[in-house]
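Read through the structure below, which is laid out as structure tokens, and then see the notes.
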Amino acid sequence: MKIKAPYVKAFLILLIYFIGMKIIFIAMVVNKNTLLAFTFPTIVGGLGGAFFLYFFDREHLFESAKIIKAKKIKQFEEKYFKRLSHHGELLSTFIIGLIAGPFFASLAVHLLLPKFKYKYPYVILISSLSIFITMSFYRGVFNFIRQLS
């Protein structure tokens, strides 16, 4: 069985992003500097969302974007679109982005708002808020556990 180069690229892009974000999260959760612990992951998450949106919008340049999109789109549609179909497109993408993170926020904006004028700032906002909320939760849990011991 021969593995094609775009599949390897798609896998590596996702692997680097997800492992990198986990390393950043762990490092920032245990960091004592609160400002740095919230600012750095929020900026990286916002830029990650913008990167994935650019990646999906330029799928003619990136063959691996088609592969990632094709694999995730069916799961994505079943999970979110049917549940949120009665909301507007902006609110649906906002909810999806807050719950699922930058990758799915960019995928939702790419699918639901392809002609939206402010889609890059919108993805950066959604991704940043998602990371900020997630980081708040993780830091709260970590501080609670640290106080128990």
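Ordered as shown in the structure tokens, chains take letters A, B, and onward, while each chain numbers its residues from 1 and ligands are numbered from 1 in the order shown.
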
Long-range neighbours of Ile99 (chain A) as a list in words, 10 Å cut-off, only C-alpha atoms, 4 positions minimum in chain: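 Counting only C-alpha atoms, the residues come to Thr93, Phe94, Ile95, Phe104, Ala105, Ile126, Ser127, Ser130, Ile131, Ile133 and Thr134 of chain A.
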
Store the residues picked out above, limited to N, CA and C atoms, as a PDB file, in the first residue's frame.
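And here's out.pdb as it stands now:
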```pdb
ATOM      1  N   THR A  93     -21.778  29.294  13.700  1.00  0.00           N
ATOM      2  CA  THR A  93     -20.319  29.212  13.645  1.00  0.00           C
ATOM      3  C   THR A  93     -19.697  29.647  14.960  1.00  0.00           C
ATOM      4  N   PHE A  94     -20.302  30.615  15.622  1.00  0.00           N
ATOM      5  CA  PHE A  94     -19.795  31.077  16.916  1.00  0.00           C
ATOM      6  C   PHE A  94     -19.893  29.963  17.957  1.00  0.00           C
ATOM      7  N   ILE A  95     -21.034  29.301  18.020  1.00  0.00           N
ATOM      8  CA  ILE A  95     -21.226  28.209  18.977  1.00  0.00           C
ATOM      9  C   ILE A  95     -20.287  27.048  18.672  1.00  0.00           C
ATOM     10  N   PHE A 104     -12.223  23.598  14.108  1.00  0.00           N
ATOM     11  CA  PHE A 104     -13.612  23.480  13.671  1.00  0.00           C
ATOM     12  C   PHE A 104     -14.257  24.847  13.463  1.00  0.00           C
ATOM     13  N   ALA A 105     -13.782  25.866  14.157  1.00  0.00           N
ATOM     14  CA  ALA A 105     -14.281  27.217  13.903  1.00  0.00           C
ATOM     15  C   ALA A 105     -13.951  27.635  12.474  1.00  0.00           C
ATOM     16  N   ILE A 126     -13.398  34.113  17.428  1.00  0.00           N
ATOM     17  CA  ILE A 126     -13.982  32.862  17.937  1.00  0.00           C
ATOM     18  C   ILE A 126     -12.895  31.959  18.515  1.00  0.00           C
ATOM     19  N   SER A 127     -11.821  31.792  17.780  1.00  0.00           N
ATOM     20  CA  SER A 127     -10.740  30.916  18.227  1.00  0.00           C
ATOM     21  C   SER A 127     -10.114  31.424  19.513  1.00  0.00           C
ATOM     22  N   SER A 130     -12.500  30.823  22.394  1.00  0.00           N
ATOM     23  CA  SER A 130     -12.542  29.401  22.717  1.00  0.00           C
ATOM     24  C   SER A 130     -11.327  28.990  23.540  1.00  0.00           C
ATOM     25  N   ILE A 131     -10.158  29.411  23.109  1.00  0.00           N
ATOM     26  CA  ILE A 131      -8.929  29.076  23.832  1.00  0.00           C
ATOM     27  C   ILE A 131      -8.931  29.737  25.203  1.00  0.00           C
ATOM     28  N   ILE A 133     -11.508  30.558  27.112  1.00  0.00           N
ATOM     29  CA  ILE A 133     -12.451  29.847  27.982  1.00  0.00           C
ATOM     30  C   ILE A 133     -11.887  28.490  28.398  1.00  0.00           C
ATOM     31  N   THR A 134     -11.300  27.782  27.446  1.00  0.00           N
ATOM     32  CA  THR A 134     -10.702  26.482  27.763  1.00  0.00           C
ATOM     33  C   THR A 134      -9.556  26.634  28.750  1.00  0.00           C
TER      34      THR A 134
END
```

So that I can check the surroundings of region 31-45 of chain A, please list as a PDB file with N, CA and C atoms, in the first residue's frame every protein, DNA and RNA residue that reaches within 8 Å of it, counting only C-alpha atoms and ignoring chain neighbours fewer than 2 positions away.
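Wrote it out as part-v3.pdb, contents follow:
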```pdb
ATOM      1  N   MET A  21      -0.395  22.562  20.413  1.00  0.00           N
ATOM      2  CA  MET A  21      -1.370  23.228  21.304  1.00  0.00           C
ATOM      3  C   MET A  21      -1.447  22.531  22.659  1.00  0.00           C
ATOM      4  N   ILE A  24       1.582  23.664  24.614  1.00  0.00           N
ATOM      5  CA  ILE A  24       1.389  25.046  25.062  1.00  0.00           C
ATOM      6  C   ILE A  24       0.399  25.090  26.214  1.00  0.00           C
ATOM      7  N   PHE A  25      -0.703  24.346  26.114  1.00  0.00           N
ATOM      8  CA  PHE A  25      -1.698  24.330  27.180  1.00  0.00           C
ATOM      9  C   PHE A  25      -1.097  23.849  28.493  1.00  0.00           C
ATOM     10  N   ALA A  27       2.057  23.724  29.417  1.00  0.00           N
ATOM     11  CA  ALA A  27       3.061  24.670  29.904  1.00  0.00           C
ATOM     12  C   ALA A  27       2.420  25.912  30.513  1.00  0.00           C
ATOM     13  N   MET A  28       1.342  26.376  29.936  1.00  0.00           N
ATOM     14  CA  MET A  28       0.711  27.601  30.427  1.00  0.00           C
ATOM     15  C   MET A  28      -0.205  27.346  31.636  1.00  0.00           C
ATOM     16  N   VAL A  29      -0.740  26.141  31.746  1.00  0.00           N
ATOM     17  CA  VAL A  29      -1.570  25.828  32.912  1.00  0.00           C
ATOM     18  C   VAL A  29      -0.723  25.843  34.176  1.00  0.00           C
ATOM     19  N   LEU A  47      -4.362  32.697  15.858  1.00  0.00           N
ATOM     20  CA  LEU A  47      -3.574  32.566  14.630  1.00  0.00           C
ATOM     21  C   LEU A  47      -3.741  31.176  14.006  1.00  0.00           C
ATOM     22  N   GLY A  48      -3.891  30.163  14.848  1.00  0.00           N
ATOM     23  CA  GLY A  48      -4.137  28.815  14.327  1.00  0.00           C
ATOM     24  C   GLY A  48      -5.458  28.735  13.578  1.00  0.00           C
ATOM     25  N   GLY A  49      -6.494  29.372  14.115  1.00  0.00           N
ATOM     26  CA  GLY A  49      -7.782  29.415  13.428  1.00  0.00           C
ATOM     27  C   GLY A  49      -7.688  30.132  12.093  1.00  0.00           C
ATOM     28  N   PRO A 102     -10.405  26.155  17.489  1.00  0.00           N
ATOM     29  CA  PRO A 102     -10.012  26.873  16.266  1.00  0.00           C
ATOM     30  C   PRO A 102     -10.137  26.074  14.977  1.00  0.00           C
ATOM     31  N   ILE A 124     -10.585  34.589  14.096  1.00  0.00           N
ATOM     32  CA  ILE A 124      -9.612  34.915  15.140  1.00  0.00           C
ATOM     33  C   ILE A 124     -10.327  35.203  16.448  1.00  0.00           C
ATOM     34  N   SER A 127     -11.821  31.792  17.780  1.00  0.00           N
ATOM     35  CA  SER A 127     -10.740  30.916  18.227  1.00  0.00           C
ATOM     36  C   SER A 127     -10.114  31.424  19.513  1.00  0.00           C
ATOM     37  N   SER A 128      -9.885  32.724  19.584  1.00  0.00           N
ATOM     38  CA  SER A 128      -9.295  33.315  20.790  1.00  0.00           C
ATOM     39  C   SER A 128     -10.210  33.140  21.989  1.00  0.00           C
ATOM     40  N   LEU A 129     -11.485  33.370  21.802  1.00  0.00           N
ATOM     41  CA  LEU A 129     -12.439  33.179  22.906  1.00  0.00           C
ATOM     42  C   LEU A 129     -12.506  31.725  23.344  1.00  0.00           C
ATOM     43  N   ILE A 131     -10.158  29.411  23.109  1.00  0.00           N
ATOM     44  CA  ILE A 131      -8.929  29.076  23.832  1.00  0.00           C
ATOM     45  C   ILE A 131      -8.931  29.737  25.203  1.00  0.00           C
ATOM     46  N   PHE A 132      -9.382  30.978  25.291  1.00  0.00           N
ATOM     47  CA  PHE A 132      -9.424  31.684  26.572  1.00  0.00           C
ATOM     48  C   PHE A 132     -10.339  30.966  27.566  1.00  0.00           C
ATOM     49  N   MET A 135      -8.715  27.637  28.535  1.00  0.00           N
ATOM     50  CA  MET A 135      -7.596  27.874  29.439  1.00  0.00           C
ATOM     51  C   MET A 135      -8.101  28.270  30.835  1.00  0.00           C
ATOM     52  N   SER A 136      -9.159  29.038  30.889  1.00  0.00           N
ATOM     53  CA  SER A 136      -9.737  29.407  32.185  1.00  0.00           C
ATOM     54  C   SER A 136     -10.200  28.171  32.944  1.00  0.00           C
TER      55      SER A 136
END
```

What lies within 9 Å of Glu89 (chain A) using only C-alpha atoms, ignoring chain neighbours under 5 positions off, as a ChimeraX atom specification? /A:84,94,109,112-113

Keeping N, CA and C atoms, export the residues of the selection given above as an mmCIF file, in the first residue's frame.
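Listed below is the output, result22.cif:
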```cif
data_model
loop_
_atom_site.group_PDB
_atom_site.id
_atom_site.type_symbol
_atom_site.label_atom_id
_atom_site.label_comp_id
_atom_site.auth_asym_id
_atom_site.auth_seq_id
_atom_site.Cartn_x
_atom_site.Cartn_y
_atom_site.Cartn_z
ATOM 1 N N LEU A 84 -27.774 22.701 15.099
ATOM 2 C CA LEU A 84 -27.791 24.163 15.132
ATOM 3 C C LEU A 84 -28.448 24.792 13.908
ATOM 4 N N PHE A 94 -20.302 30.615 15.622
ATOM 5 C CA PHE A 94 -19.795 31.077 16.916
ATOM 6 C C PHE A 94 -19.893 29.963 17.957
ATOM 7 N N VAL A 109 -16.686 28.335 9.493
ATOM 8 C CA VAL A 109 -16.737 29.608 8.766
ATOM 9 C C VAL A 109 -16.510 29.361 7.274
ATOM 10 N N LEU A 112 -19.974 27.649 6.136
ATOM 11 C CA LEU A 112 -21.215 28.396 6.293
ATOM 12 C C LEU A 112 -21.135 29.846 5.823
ATOM 13 N N LEU A 113 -19.955 30.440 5.900
ATOM 14 C CA LEU A 113 -19.815 31.859 5.567
ATOM 15 C C LEU A 113 -18.728 32.081 4.510
#
```

Work out how far CA of Val123 (chain A) is from CA of Gly46 (chain A), in Å to one decimal.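 These two atoms are separated by 7.2 Å.
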
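Of the listed residues (A:Ile96, A:Leu90, A:Val8, A:Phe137), A:Leu90 comes nearest to Phe116 (chain A); the distances count only C-alpha atoms.
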
Nearest-residue call for Ala108 (chain A), choices A:Tyr138, A:Tyr122, A:Phe18, A:Tyr7, using only C-alpha atoms: A:Tyr122
